[in-house]
file coords.csv (CSV, C-alpha atoms)
chain,number,residue,atom,x,y,z
T,1,MET,CA,-18.6,-2.2,-7.0
T,2,SER,CA,-21.5,-4.1,-8.5
T,3,LYS,CA,-21.4,-6.7,-11.2
T,4,PRO,CA,-22.8,-4.4,-14.0
T,5,ASP,CA,-19.7,-2.2,-13.4
T,6,LEU,CA,-17.6,-5.1,-14.7
T,7,ILE,CA,-19.4,-5.1,-18.1
T,8,PRO,CA,-17.5,-2.9,-20.6
T,9,ALA,CA,-19.1,-0.2,-22.6
T,10,PHE,CA,-18.0,1.0,-26.0
T,11,PRO,CA,-16.5,4.5,-25.7
T,12,GLY,CA,-17.1,7.2,-28.2
T,13,ALA,CA,-14.4,9.4,-29.8
T,14,ALA,CA,-14.2,11.9,-26.9
T,15,ALA,CA,-14.0,9.0,-24.4
T,16,GLN,CA,-11.3,7.4,-26.4
T,17,ARG,CA,-9.2,10.5,-26.3
T,18,ARG,CA,-9.6,10.7,-22.6
T,19,LEU,CA,-8.5,7.1,-22.3
T,20,LEU,CA,-5.4,7.8,-24.3
T,21,TRP,CA,-4.5,10.8,-22.2
T,22,ALA,CA,-5.1,8.8,-19.0
T,23,LEU,CA,-2.9,5.9,-20.2
T,24,ALA,CA,-0.2,8.4,-21.3
T,25,GLY,CA,-0.3,10.0,-17.9
T,26,LEU,CA,0.0,6.6,-16.1
T,27,ALA,CA,2.9,5.6,-18.4
T,28,ALA,CA,4.7,9.0,-17.7
T,29,LEU,CA,4.2,8.6,-14.0
T,30,TRP,CA,5.5,5.0,-14.2
T,31,LEU,CA,8.6,6.2,-16.0
T,32,CYS,CA,9.2,9.1,-13.6
T,33,SER,CA,8.8,6.8,-10.6
T,34,LEU,CA,11.8,4.6,-11.7
T,35,PRO,CA,14.6,7.1,-11.1
T,36,LEU,CA,12.8,9.1,-8.3
T,37,ALA,CA,12.3,5.9,-6.3
T,38,CYS,CA,16.1,5.5,-6.2
T,39,LEU,CA,16.5,8.6,-4.1
T,40,PRO,CA,15.4,7.4,-0.6
T,41,GLY,CA,17.4,4.9,1.4
T,42,PRO,CA,19.9,4.5,4.2
T,43,MET,CA,22.4,6.3,2.1
T,44,PRO,CA,20.6,9.5,1.0
T,45,LEU,CA,21.3,10.6,-2.5
T,46,SER,CA,20.3,13.8,-4.3
T,47,ALA,CA,18.5,13.9,-7.6
T,48,PRO,CA,21.6,15.1,-9.5
T,49,GLU,CA,23.7,12.2,-8.1
T,50,VAL,CA,21.0,9.6,-9.0
T,51,PHE,CA,20.6,11.0,-12.6
T,52,ARG,CA,24.4,11.2,-13.0
T,53,ALA,CA,24.8,7.6,-12.0
T,54,LEU,CA,22.0,6.5,-14.3
T,55,ALA,CA,23.5,8.5,-17.2
T,56,VAL,CA,26.7,6.5,-17.0
T,57,ASN,CA,24.7,3.5,-18.4
T,58,PHE,CA,23.9,5.4,-21.6
T,59,GLY,CA,27.3,7.1,-22.0
T,60,PHE,CA,26.0,10.5,-21.1
T,61,SER,CA,28.3,10.9,-18.1
T,62,ASP,CA,32.0,10.0,-17.4
T,63,ALA,CA,31.5,9.3,-13.7
T,64,PRO,CA,33.5,6.3,-12.5
T,65,GLN,CA,31.6,3.0,-12.5
T,66,ASN,CA,33.1,1.9,-9.2
T,67,SER,CA,32.0,5.0,-7.3
T,68,ALA,CA,29.7,4.5,-4.3
T,69,GLN,CA,26.8,6.4,-5.9
T,70,PHE,CA,27.0,4.3,-9.1
T,71,LEU,CA,27.0,1.0,-7.3
T,72,VAL,CA,24.2,2.0,-4.9
T,73,VAL,CA,22.0,3.3,-7.7
T,74,ASN,CA,22.5,0.8,-10.5
T,75,GLN,CA,23.3,-2.4,-8.6
T,76,ILE,CA,21.0,-2.1,-5.6
T,77,ARG,CA,18.2,0.5,-5.9
T,78,LEU,CA,17.5,0.5,-9.6
T,79,ALA,CA,17.3,-3.3,-9.6
T,80,ARG,CA,14.9,-3.3,-6.7
T,81,VAL,CA,12.7,-0.6,-8.2
T,82,CYS,CA,12.5,-2.4,-11.5
T,83,LEU,CA,11.5,-5.7,-9.8
T,84,SER,CA,8.9,-3.9,-7.8
T,85,ALA,CA,7.5,-2.2,-10.9
T,86,LEU,CA,7.3,-5.5,-12.8
T,87,CYS,CA,5.8,-7.4,-9.8
T,88,GLY,CA,3.2,-4.7,-9.1
T,89,GLY,CA,2.2,-4.5,-12.7
T,90,ALA,CA,1.9,-8.2,-13.1
T,91,LEU,CA,-0.2,-8.6,-9.9
T,92,ALA,CA,-2.5,-5.8,-11.0
T,93,VAL,CA,-2.9,-7.3,-14.5
T,94,ALA,CA,-3.6,-10.7,-12.9
T,95,GLY,CA,-6.2,-9.1,-10.7
T,96,VAL,CA,-8.0,-7.6,-13.7
T,97,ALA,CA,-7.9,-11.0,-15.5
T,98,LEU,CA,-9.2,-13.0,-12.5
T,99,GLN,CA,-12.0,-10.5,-11.8
T,100,GLY,CA,-13.1,-10.7,-15.4
T,101,VAL,CA,-12.8,-14.5,-15.7
T,102,LEU,CA,-14.5,-15.3,-12.4
T,103,ARG,CA,-16.9,-12.3,-12.7
T,104,ASN,CA,-16.3,-11.5,-9.0
T,105,PRO,CA,-15.1,-8.0,-8.1
T,106,LEU,CA,-13.6,-9.4,-4.9
T,107,ALA,CA,-11.2,-11.8,-6.7
T,108,ASP,CA,-7.5,-11.2,-6.6
T,109,PRO,CA,-4.4,-13.0,-7.8
T,110,PHE,CA,-4.4,-15.3,-4.7
T,111,THR,CA,-7.9,-16.7,-5.2
T,112,LEU,CA,-6.7,-19.9,-6.7
T,113,GLY,CA,-4.3,-20.8,-3.8
T,114,ILE,CA,-1.2,-19.5,-5.7
T,115,SER,CA,0.2,-17.7,-2.6
T,116,ALA,CA,-0.4,-20.7,-0.4
T,117,GLY,CA,1.5,-22.9,-2.8
T,118,ALA,CA,4.4,-20.5,-3.0
T,119,ALA,CA,4.4,-20.1,0.7
T,120,CYS,CA,4.4,-23.9,1.2
T,121,GLY,CA,7.3,-24.4,-1.3
T,122,ALA,CA,9.4,-21.6,0.3
T,123,SER,CA,8.7,-22.8,3.8
T,124,LEU,CA,9.8,-26.3,2.9
T,125,ALA,CA,13.1,-25.0,1.4
T,126,ILE,CA,13.7,-22.7,4.4
T,127,ALA,CA,13.0,-25.5,6.9
T,128,LEU,CA,15.2,-28.1,5.0
T,129,GLY,CA,18.0,-25.5,4.8
T,130,GLY,CA,17.8,-24.9,8.5
T,131,MET,CA,18.0,-28.5,9.6
T,132,ALA,CA,21.3,-29.9,10.7
T,133,GLY,CA,23.2,-31.4,7.7
T,134,SER,CA,20.4,-30.8,5.2
T,135,GLN,CA,21.9,-27.6,3.7
T,136,VAL,CA,25.0,-29.6,2.6
T,137,HIS,CA,22.8,-32.2,1.0
T,138,LEU,CA,20.7,-29.7,-0.8
T,139,SER,CA,23.7,-27.7,-2.0
T,140,GLY,CA,25.4,-30.8,-3.3
T,141,LEU,CA,22.2,-32.0,-5.0
T,142,PHE,CA,21.2,-28.7,-6.7
T,143,GLY,CA,24.3,-26.6,-6.5
T,144,LEU,CA,22.4,-23.9,-4.6
T,145,SER,CA,22.5,-22.6,-1.1
T,146,GLN,CA,19.4,-22.3,1.1
T,147,ALA,CA,18.7,-18.7,-0.1
T,148,GLY,CA,19.1,-19.9,-3.7
T,149,LEU,CA,16.6,-22.6,-3.2
T,150,VAL,CA,13.8,-20.5,-1.8
T,151,ALA,CA,12.7,-18.8,-5.0
T,152,PRO,CA,12.7,-21.9,-7.2
T,153,ALA,CA,10.9,-23.8,-4.5
T,154,ALA,CA,8.3,-21.1,-4.2
T,155,LEU,CA,7.8,-21.0,-7.9
T,156,ALA,CA,7.4,-24.8,-8.0
T,157,GLY,CA,4.9,-24.7,-5.2
T,158,ALA,CA,2.8,-22.0,-6.8
T,159,LEU,CA,2.6,-23.8,-10.1
T,160,LEU,CA,1.7,-27.1,-8.4
T,161,ALA,CA,-1.1,-25.3,-6.5
T,162,LEU,CA,-2.3,-23.8,-9.8
T,163,CYS,CA,-2.4,-27.2,-11.4
T,164,GLY,CA,-4.2,-28.7,-8.4
T,165,ALA,CA,-6.8,-25.9,-8.4
T,166,LEU,CA,-7.4,-26.2,-12.2
T,167,TRP,CA,-7.6,-30.0,-12.0
T,168,LEU,CA,-10.1,-29.9,-9.1
T,169,GLY,CA,-12.1,-27.2,-10.9
T,170,ARG,CA,-12.4,-29.1,-14.2
T,171,SER,CA,-15.8,-30.6,-14.8
T,172,ARG,CA,-16.9,-32.3,-18.0
T,173,GLY,CA,-14.0,-30.8,-20.0
T,174,SER,CA,-14.7,-27.1,-19.0
T,175,PHE,CA,-14.0,-24.7,-16.1
T,176,SER,CA,-16.9,-23.1,-14.3
T,177,ARG,CA,-16.1,-20.0,-12.3
T,178,GLU,CA,-17.9,-21.5,-9.2
T,179,SER,CA,-15.9,-24.7,-9.2
T,180,VAL,CA,-12.6,-23.0,-9.8
T,181,ILE,CA,-13.2,-20.6,-6.8
T,182,LEU,CA,-14.1,-23.5,-4.5
T,183,ALA,CA,-11.1,-25.5,-5.7
T,184,GLY,CA,-8.8,-22.6,-5.0
T,185,ILE,CA,-10.2,-22.2,-1.5
T,186,ALA,CA,-9.7,-25.9,-0.8
T,187,VAL,CA,-6.1,-25.9,-2.1
T,188,ALA,CA,-5.3,-22.8,-0.1
T,189,ALA,CA,-6.7,-24.3,3.1
T,190,PHE,CA,-4.8,-27.5,2.7
T,191,LEU,CA,-1.5,-25.8,1.8
T,192,GLY,CA,-1.9,-23.3,4.7
T,193,ALA,CA,-2.2,-26.3,7.1
T,194,LEU,CA,1.0,-27.7,5.6
T,195,VAL,CA,2.8,-24.4,6.2
T,196,ALA,CA,1.6,-24.4,9.8
T,197,LEU,CA,2.8,-28.0,10.2
T,198,ILE,CA,6.3,-27.1,8.8
T,199,LYS,CA,6.5,-24.2,11.3
T,200,ALA,CA,5.5,-26.5,14.2
T,201,LEU,CA,8.1,-29.2,13.3
T,202,ASN,CA,10.9,-26.7,12.7
T,203,GLU,CA,10.7,-23.9,15.2
T,204,GLU,CA,14.2,-22.6,14.3
T,205,SER,CA,12.9,-21.5,10.8
T,206,VAL,CA,9.7,-19.9,12.0
T,207,THR,CA,11.1,-16.3,11.9
T,208,SER,CA,12.5,-16.7,8.3
T,209,ILE,CA,9.3,-18.3,7.1
T,210,VAL,CA,7.0,-15.7,8.6
T,211,PHE,CA,9.2,-12.8,7.2
T,212,TRP,CA,9.1,-14.4,3.7
T,213,ILE,CA,5.4,-14.9,3.8
T,214,MET,CA,4.8,-11.2,4.7
T,215,GLY,CA,6.5,-10.3,1.4
T,216,SER,CA,9.7,-8.3,0.9
T,217,LEU,CA,12.1,-7.1,-1.8
T,218,GLN,CA,15.0,-6.7,0.6
T,219,GLY,CA,18.1,-8.2,-0.8
T,220,ARG,CA,16.7,-8.8,-4.3
T,221,GLY,CA,18.8,-7.7,-7.2
T,222,TRP,CA,19.3,-8.2,-11.0
T,223,ASP,CA,19.9,-12.0,-10.4
T,224,SER,CA,16.2,-12.3,-9.6
T,225,LEU,CA,15.0,-10.8,-12.9
T,226,PRO,CA,15.4,-14.0,-15.0
T,227,LEU,CA,13.3,-16.0,-12.6
T,228,LEU,CA,10.6,-13.3,-12.6
T,229,LEU,CA,10.5,-13.0,-16.4
T,230,THR,CA,10.4,-16.7,-17.0
T,231,THR,CA,6.8,-16.8,-15.8
T,232,LEU,CA,5.8,-13.1,-16.2
T,233,ALA,CA,6.4,-12.9,-19.9
T,234,PRO,CA,4.3,-15.8,-21.1
T,235,GLY,CA,1.6,-15.1,-18.5
T,236,LEU,CA,1.4,-11.5,-19.5
T,237,LEU,CA,1.3,-12.5,-23.2
T,238,ALA,CA,-1.6,-15.0,-22.6
T,239,VAL,CA,-3.7,-12.4,-20.7
T,240,ALA,CA,-2.9,-9.6,-23.2
T,241,LEU,CA,-4.0,-11.7,-26.2
T,242,GLY,CA,-7.2,-12.6,-24.3
T,243,TRP,CA,-8.5,-9.1,-23.6
T,244,ARG,CA,-11.3,-9.5,-26.1
T,245,ALA,CA,-12.3,-12.8,-24.5
T,246,LEU,CA,-12.5,-11.0,-21.2
T,247,ASP,CA,-14.9,-8.5,-22.7
T,248,VAL,CA,-17.1,-11.3,-24.0
T,249,LEU,CA,-16.9,-13.3,-20.8
T,250,SER,CA,-18.2,-10.3,-18.8
T,251,LEU,CA,-21.5,-10.7,-20.7
T,252,GLY,CA,-22.0,-14.2,-19.1
T,253,ASP,CA,-21.2,-17.7,-20.2
T,254,GLU,CA,-24.3,-18.3,-22.2
T,255,GLN,CA,-24.0,-15.0,-24.2
T,256,ALA,CA,-20.3,-15.6,-24.7
T,257,ALA,CA,-20.9,-19.1,-26.1
T,258,GLN,CA,-23.6,-17.7,-28.4
T,259,LEU,CA,-21.1,-15.2,-29.7
T,260,GLY,CA,-18.8,-18.1,-30.7
T,261,LEU,CA,-16.3,-18.1,-27.8
T,262,ASN,CA,-15.0,-21.4,-26.4
T,263,VAL,CA,-15.7,-20.4,-22.8
T,264,GLY,CA,-13.8,-23.3,-21.1
T,265,ARG,CA,-10.7,-22.9,-23.2
T,266,ALA,CA,-10.6,-19.1,-22.9
T,267,ARG,CA,-11.1,-19.3,-19.1
T,268,PHE,CA,-8.3,-21.9,-18.8
T,269,TRP,CA,-5.7,-19.8,-20.7
T,270,LEU,CA,-6.6,-16.6,-18.8
T,271,LEU,CA,-6.5,-18.4,-15.5
T,272,ALA,CA,-3.2,-20.0,-16.4
T,273,GLY,CA,-1.7,-16.7,-17.5
T,274,ALA,CA,-2.8,-14.7,-14.5
T,275,SER,CA,-1.6,-17.5,-12.1
T,276,CYS,CA,1.8,-17.8,-13.8
T,277,MET,CA,2.4,-14.1,-13.4
T,278,THR,CA,1.4,-14.3,-9.7
T,279,ALA,CA,3.6,-17.4,-9.2
T,280,GLY,CA,6.7,-15.6,-10.5
T,281,CYS,CA,6.0,-12.5,-8.4
T,282,VAL,CA,5.5,-14.5,-5.2
T,283,ALA,CA,8.6,-16.6,-5.9
T,284,VAL,CA,10.7,-13.4,-6.1
T,285,ALA,CA,9.1,-11.1,-3.6
T,286,GLY,CA,7.0,-13.3,-1.3
T,287,VAL,CA,3.3,-12.9,-0.7
T,288,ILE,CA,2.2,-9.3,-1.5
T,289,GLY,CA,-1.5,-8.9,-1.2
T,290,PHE,CA,-4.2,-6.4,-2.2
T,291,VAL,CA,-2.3,-4.9,-5.3
T,292,GLY,CA,-4.4,-7.0,-7.6
T,293,LEU,CA,-7.5,-6.1,-5.7
T,294,VAL,CA,-7.1,-2.3,-5.2
T,295,VAL,CA,-5.6,-1.2,-8.5
T,296,PRO,CA,-8.3,-2.7,-10.9
T,297,HIS,CA,-11.1,-1.1,-9.0
T,298,VAL,CA,-9.4,2.3,-8.8
T,299,LEU,CA,-8.6,2.3,-12.5
T,300,ARG,CA,-12.1,1.3,-13.5
T,301,LEU,CA,-13.2,4.7,-12.2
T,302,LEU,CA,-10.7,6.3,-14.5
T,303,LEU,CA,-10.6,4.1,-17.5
T,304,GLY,CA,-14.0,2.3,-17.5
T,305,ALA,CA,-14.6,-1.5,-17.7
T,306,GLY,CA,-13.1,-2.2,-21.2
T,307,HIS,CA,-10.4,-4.7,-20.6
T,308,GLY,CA,-8.0,-3.4,-23.4
T,309,PRO,CA,-7.2,-0.1,-21.7
T,310,LEU,CA,-7.8,-1.5,-18.3
T,311,LEU,CA,-5.1,-4.2,-18.6
T,312,THR,CA,-2.6,-1.6,-19.9
T,313,GLY,CA,-3.4,0.9,-17.2
T,314,ALA,CA,-3.3,-1.8,-14.5
T,315,PHE,CA,0.3,-2.7,-15.5
T,316,PHE,CA,1.4,0.9,-15.0
T,317,GLY,CA,-0.8,1.6,-12.0
T,318,GLY,CA,0.2,-1.6,-10.2
T,319,GLY,CA,3.9,-0.9,-10.8
T,320,ILE,CA,3.5,2.7,-9.4
T,321,LEU,CA,1.7,1.4,-6.3
T,322,LEU,CA,4.3,-1.2,-5.4
T,323,VAL,CA,7.3,1.0,-6.2
T,324,TRP,CA,6.2,3.6,-3.8
T,325,ALA,CA,5.0,1.1,-1.2
T,326,ASP,CA,8.5,-0.4,-1.3
T,327,VAL,CA,10.0,3.1,-0.9
T,328,LEU,CA,7.8,3.6,2.2
T,329,ALA,CA,8.8,0.1,3.5
T,330,ARG,CA,12.5,0.9,3.4
T,331,SER,CA,12.3,4.5,4.5
T,332,VAL,CA,9.9,4.6,7.5
T,333,LEU,CA,12.3,2.9,10.0
T,334,ASP,CA,15.7,4.2,11.1
T,335,GLY,CA,19.0,2.4,11.1
T,336,GLY,CA,18.6,0.6,7.8
T,337,GLN,CA,15.7,-1.5,9.0
T,338,GLU,CA,12.8,-2.3,6.7
T,339,LEU,CA,9.1,-3.1,6.9
T,340,PRO,CA,7.9,-6.0,4.8
T,341,VAL,CA,6.3,-4.4,1.7
T,342,GLY,CA,3.4,-6.9,2.1
T,343,VAL,CA,2.6,-5.3,5.4
T,344,VAL,CA,2.5,-1.8,3.7
T,345,THR,CA,0.2,-3.0,0.9
T,346,ALA,CA,-2.1,-4.8,3.4
T,347,LEU,CA,-2.4,-1.6,5.5
T,348,LEU,CA,-3.4,0.3,2.3
T,349,GLY,CA,-5.6,-2.4,0.8
T,350,GLY,CA,-7.3,-3.8,4.0
T,351,PRO,CA,-9.6,-0.8,4.5
T,352,PHE,CA,-10.3,-0.7,0.7
T,353,PHE,CA,-11.3,-4.4,0.8
T,354,ALA,CA,-13.5,-3.8,3.8
T,355,MET,CA,-15.2,-1.0,1.9
T,356,LEU,CA,-15.9,-3.3,-1.1
T,357,VAL,CA,-17.4,-6.0,1.1
T,358,ARG,CA,-19.6,-3.4,2.9
T,359,ARG,CA,-20.8,-2.0,-0.4
T,360,ARG,CA,-21.7,-5.5,-1.6

call {"tool": "encode", "arguments": {"input": "coords.csv", "output": "structure tokens"}}
result
Amino acid sequence: MSKPDLIPAFPGAAAQRRLLWALAGLAALWLCSLPLACLPGPMPLSAPEVFRALAVNFGFSDAPQNSAQFLVVNQIRLARVCLSALCGGALAVAGVALQGVLRNPLADPFTLGISAGAACGASLAIALGGMAGSQVHLSGLFGLSQAGLVAPAALAGALLALCGALWLGRSRGSFSRESVILAGIAVAAFLGALVALIKALNEESVTSIVFWIMGSLQGRGWDSLPLLLTTLAPGLLAVALGWRALDVLSLGDEQAAQLGLNVGRARFWLLAGASCMTAGCVAVAGVIGFVGLVVPHVLRLLLGAGHGPLLTGAFFGGGILLVWADVLARSVLDGGQELPVGVVTALLGGPFFAMLVRRR
């Protein structure tokens, strides 16, 4: 995809109707995916059983709330499906924002070193929890176990990496896209070396660290939702309010400034919003790549380059992609074993990324 493809055009009345129908179709597919994704799993359930268990929440069914079907659907699978839908949507929206702000069609939510920061924080928590006597100290200090410390540590690492990248990329009171990209690469390289050092110093935790870095929603439940929403909600709000600024930024910095846009401030808030969403997703689900790269490019073919409908469609499209990638991850192996969902998205997104590089 070339740079002119990122510049939005103003649709006519017929094109606007097509946009509305396309967005309505994505929203309907997103809603249908939530219950349907609860069907597969180690304990196979039929569609009537799943819908009967879901209907109990709304008082439409008198099935017992302690039945196996109710617990599996509402407490395990539905929570995981909702988390994957929110994470996928947030990563896709962040990808749209970063590609618009940096004016780089190959940018994705991990451009600024967010994933490296989250991986470093999580690796440190896993390593400290695995050292002799350290888990007791950490539990007494924070009131959390090793597993309970990983997500907050990942979130803290991601936000610190964001702050470092923005600080390094700031020049004369503004943020240029070239300096921010270079700062993100530098931060990611440094934190990646720290992760390698942690693995080398604590070989007992290597397996746990590697599995977390590959990304997985295994074992995640409703208790992970508050942590995700803490950063997803303000980040999504910041990006959604800045959709017009994204349209103006796509014209170039000089033209945007001539139209009255404060380029540095708009770029800062959009970068912060996209990175906060990414930080929350990585803290909950680990490093899941390529969602923020693949979904925006596919949807531009359907919705055009206007950032208003593109952001809306990206939320639904990213959620759909990650929901069914997670279904594939937990269904392809026998005996209740699972693939990391980050591996599935990488297998899907890797060839797509290679195609983009080849075209450019």

call {"tool": "closest_residue", "arguments": {"input": "coords.csv", "among": "T:Leu155, T:Leu54, T:Val332, T:Val295", "to": "Val96 of chain T", "atoms": "all atoms listed in the file"}}
result
T:Val295

call {"tool": "atom_distance", "arguments": {"input": "coords.csv", "atom1": "atom CA of Gly286 of chain T", "atom2": "atom CA of Ser179 of chain T"}}
result
26.8 Å

call {"tool": "closest_residue", "arguments": {"input": "coords.csv", "among": "T:Gly157, T:Gly215, T:Pro35, T:Pro340", "to": "Arg77 of chain T", "atoms": "all atoms listed in the file"}}
result
T:Pro35

call {"tool": "residues_around", "arguments": {"input": "coords.csv", "residues": "Cys120 of chain T", "least_positions_apart": "4", "cutoff": "7 Å", "atoms": "all atoms listed in the file", "output": "MDAnalysis selection string"}}
result
chainID T and resid 116 124 157 191 194:195

call {"tool": "residues_near_point", "arguments": {"input": "coords.csv", "point": "(-0.6, 8.1, -15.0)", "cutoff": "12 Å", "atoms": "all atoms listed in the file", "output": "VMD selection string"}}
result
chain T and resid 19 to 33 299 302 to 303 312 to 321

call {"tool": "residues_near_point", "arguments": {"input": "coords.csv", "point": "(11.1, -10.0, -1.5)", "cutoff": "10 Å", "atoms": "all atoms listed in the file", "output": "list of chain:residue names"}}
result
T:Arg80, T:Leu83, T:Ser84, T:Ala151, T:Phe211, T:Trp212, T:Ile213, T:Met214, T:Gly215, T:Ser216, T:Leu217, T:Gln218, T:Gly219, T:Arg220, T:Gly221, T:Ser224, T:Cys281, T:Val282, T:Ala283, T:Val284, T:Ala285, T:Gly286, T:Val287, T:Ile288, T:Asp326, T:Pro340, T:Val341, T:Gly342

call {"tool": "write_last_selection", "arguments": {"input": "coords.csv", "atoms": "C-alpha atoms", "output": "CSV table (one decimal), in the coordinates of the input"}}
result
chain,number,residue,atom,x,y,z
T,80,ARG,CA,14.9,-3.3,-6.7
T,83,LEU,CA,11.5,-5.7,-9.8
T,84,SER,CA,8.9,-3.9,-7.8
T,151,ALA,CA,12.7,-18.8,-5.0
T,211,PHE,CA,9.2,-12.8,7.2
T,212,TRP,CA,9.1,-14.4,3.7
T,213,ILE,CA,5.4,-14.9,3.8
T,214,MET,CA,4.8,-11.2,4.7
T,215,GLY,CA,6.5,-10.3,1.4
T,216,SER,CA,9.7,-8.3,0.9
T,217,LEU,CA,12.1,-7.1,-1.8
T,218,GLN,CA,15.0,-6.7,0.6
T,219,GLY,CA,18.1,-8.2,-0.8
T,220,ARG,CA,16.7,-8.8,-4.3
T,221,GLY,CA,18.8,-7.7,-7.2
T,224,SER,CA,16.2,-12.3,-9.6
T,281,CYS,CA,6.0,-12.5,-8.4
T,282,VAL,CA,5.5,-14.5,-5.2
T,283,ALA,CA,8.6,-16.6,-5.9
T,284,VAL,CA,10.7,-13.4,-6.1
T,285,ALA,CA,9.1,-11.1,-3.6
T,286,GLY,CA,7.0,-13.3,-1.3
T,287,VAL,CA,3.3,-12.9,-0.7
T,288,ILE,CA,2.2,-9.3,-1.5
T,326,ASP,CA,8.5,-0.4,-1.3
T,340,PRO,CA,7.9,-6.0,4.8
T,341,VAL,CA,6.3,-4.4,1.7
T,342,GLY,CA,3.4,-6.9,2.1

call {"tool": "residues_around", "arguments": {"input": "coords.csv", "residues": "Phe110 of chain T", "least_positions_apart": "2", "cutoff": "10 Å", "atoms": "all atoms listed in the file", "output": "list in words"}}
result
Leu91, Ala94, Gly95, Leu98, Ala107, Asp108, Leu112, Gly113, Ile114, Ser115, Ala116, Gly117, Gly184, Ile185, Ala188, Ala274, Ser275, Thr278, Ala279, Val282, Val287, Ile288, Gly289, Phe290, Gly292 and Leu293 of chain T

call {"tool": "write_last_selection", "arguments": {"input": "coords.csv", "atoms": "C-alpha atoms", "output": "PDB file, in the coordinates of the input"}}
result
ATOM      1  CA  LEU T  91      -0.200  -8.600  -9.900  1.00  0.00           C
ATOM      2  CA  ALA T  94      -3.600 -10.700 -12.900  1.00  0.00           C
ATOM      3  CA  GLY T  95      -6.200  -9.100 -10.700  1.00  0.00           C
ATOM      4  CA  LEU T  98      -9.200 -13.000 -12.500  1.00  0.00           C
ATOM      5  CA  ALA T 107     -11.200 -11.800  -6.700  1.00  0.00           C
ATOM      6  CA  ASP T 108      -7.500 -11.200  -6.600  1.00  0.00           C
ATOM      7  CA  LEU T 112      -6.700 -19.900  -6.700  1.00  0.00           C
ATOM      8  CA  GLY T 113      -4.300 -20.800  -3.800  1.00  0.00           C
ATOM      9  CA  ILE T 114      -1.200 -19.500  -5.700  1.00  0.00           C
ATOM     10  CA  SER T 115       0.200 -17.700  -2.600  1.00  0.00           C
ATOM     11  CA  ALA T 116      -0.400 -20.700  -0.400  1.00  0.00           C
ATOM     12  CA  GLY T 117       1.500 -22.900  -2.800  1.00  0.00           C
ATOM     13  CA  GLY T 184      -8.800 -22.600  -5.000  1.00  0.00           C
ATOM     14  CA  ILE T 185     -10.200 -22.200  -1.500  1.00  0.00           C
ATOM     15  CA  ALA T 188      -5.300 -22.800  -0.100  1.00  0.00           C
ATOM     16  CA  ALA T 274      -2.800 -14.700 -14.500  1.00  0.00           C
ATOM     17  CA  SER T 275      -1.600 -17.500 -12.100  1.00  0.00           C
ATOM     18  CA  THR T 278       1.400 -14.300  -9.700  1.00  0.00           C
ATOM     19  CA  ALA T 279       3.600 -17.400  -9.200  1.00  0.00           C
ATOM     20  CA  VAL T 282       5.500 -14.500  -5.200  1.00  0.00           C
ATOM     21  CA  VAL T 287       3.300 -12.900  -0.700  1.00  0.00           C
ATOM     22  CA  ILE T 288       2.200  -9.300  -1.500  1.00  0.00           C
ATOM     23  CA  GLY T 289      -1.500  -8.900  -1.200  1.00  0.00           C
ATOM     24  CA  PHE T 290      -4.200  -6.400  -2.200  1.00  0.00           C
ATOM     25  CA  GLY T 292      -4.400  -7.000  -7.600  1.00  0.00           C
ATOM     26  CA  LEU T 293      -7.500  -6.100  -5.700  1.00  0.00           C
TER      27      LEU T 293
END

call {"tool": "atom_distance", "arguments": {"input": "coords.csv", "atom1": "atom CA of Gly306 of chain T", "atom2": "atom CA of Arg358 of chain T"}}
result
25.0 Å

call {"tool": "closest_residue", "arguments": {"input": "coords.csv", "among": "T:Leu102, T:Ala272, T:Leu78, T:Leu236", "to": "Cys163 of chain T", "atoms": "all atoms listed in the file"}}
result
T:Ala272

call {"tool": "closest_residue", "arguments": {"input": "coords.csv", "among": "T:Ile181, T:Val239, T:Leu45, T:Ala257", "to": "Leu106 of chain T", "atoms": "only C-alpha atoms"}}
result
T:Ile181

call {"tool": "closest_residue", "arguments": {"input": "coords.csv", "among": "T:Val72, T:Leu229, T:Trp324, T:Pro109", "to": "Pro42 of chain T", "atoms": "only C-alpha atoms"}}
result
T:Val72

call {"tool": "closest_atom_pairs", "arguments": {"input": "coords.csv", "of": "segment 182-223 of chain T", "to": "segment 164-169 of chain T", "cutoff": "8 Å", "atoms": "all atoms listed in the file", "output": "Markdown table"}}
result
| residue | atom | partner | partner_atom | distance |
| --- | --- | --- | --- | --- |
| T:Leu182 | CA | T:Gly169 | CA | 7.7 |
| T:Ala183 | CA | T:Ala165 | CA | 5.1 |
| T:Gly184 | CA | T:Ala165 | CA | 5.1 |
| T:Val187 | CA | T:Ala165 | CA | 6.3 |

call {"tool": "atom_distance", "arguments": {"input": "coords.csv", "atom1": "atom CA of Leu227 of chain T", "atom2": "atom CA of Pro152 of chain T"}}
result
8.0 Å

call {"tool": "residues_around", "arguments": {"input": "coords.csv", "residues": "Val50 of chain T", "least_positions_apart": "5", "cutoff": "7 Å", "atoms": "all atoms listed in the file", "output": "count of residues only"}}
result
4
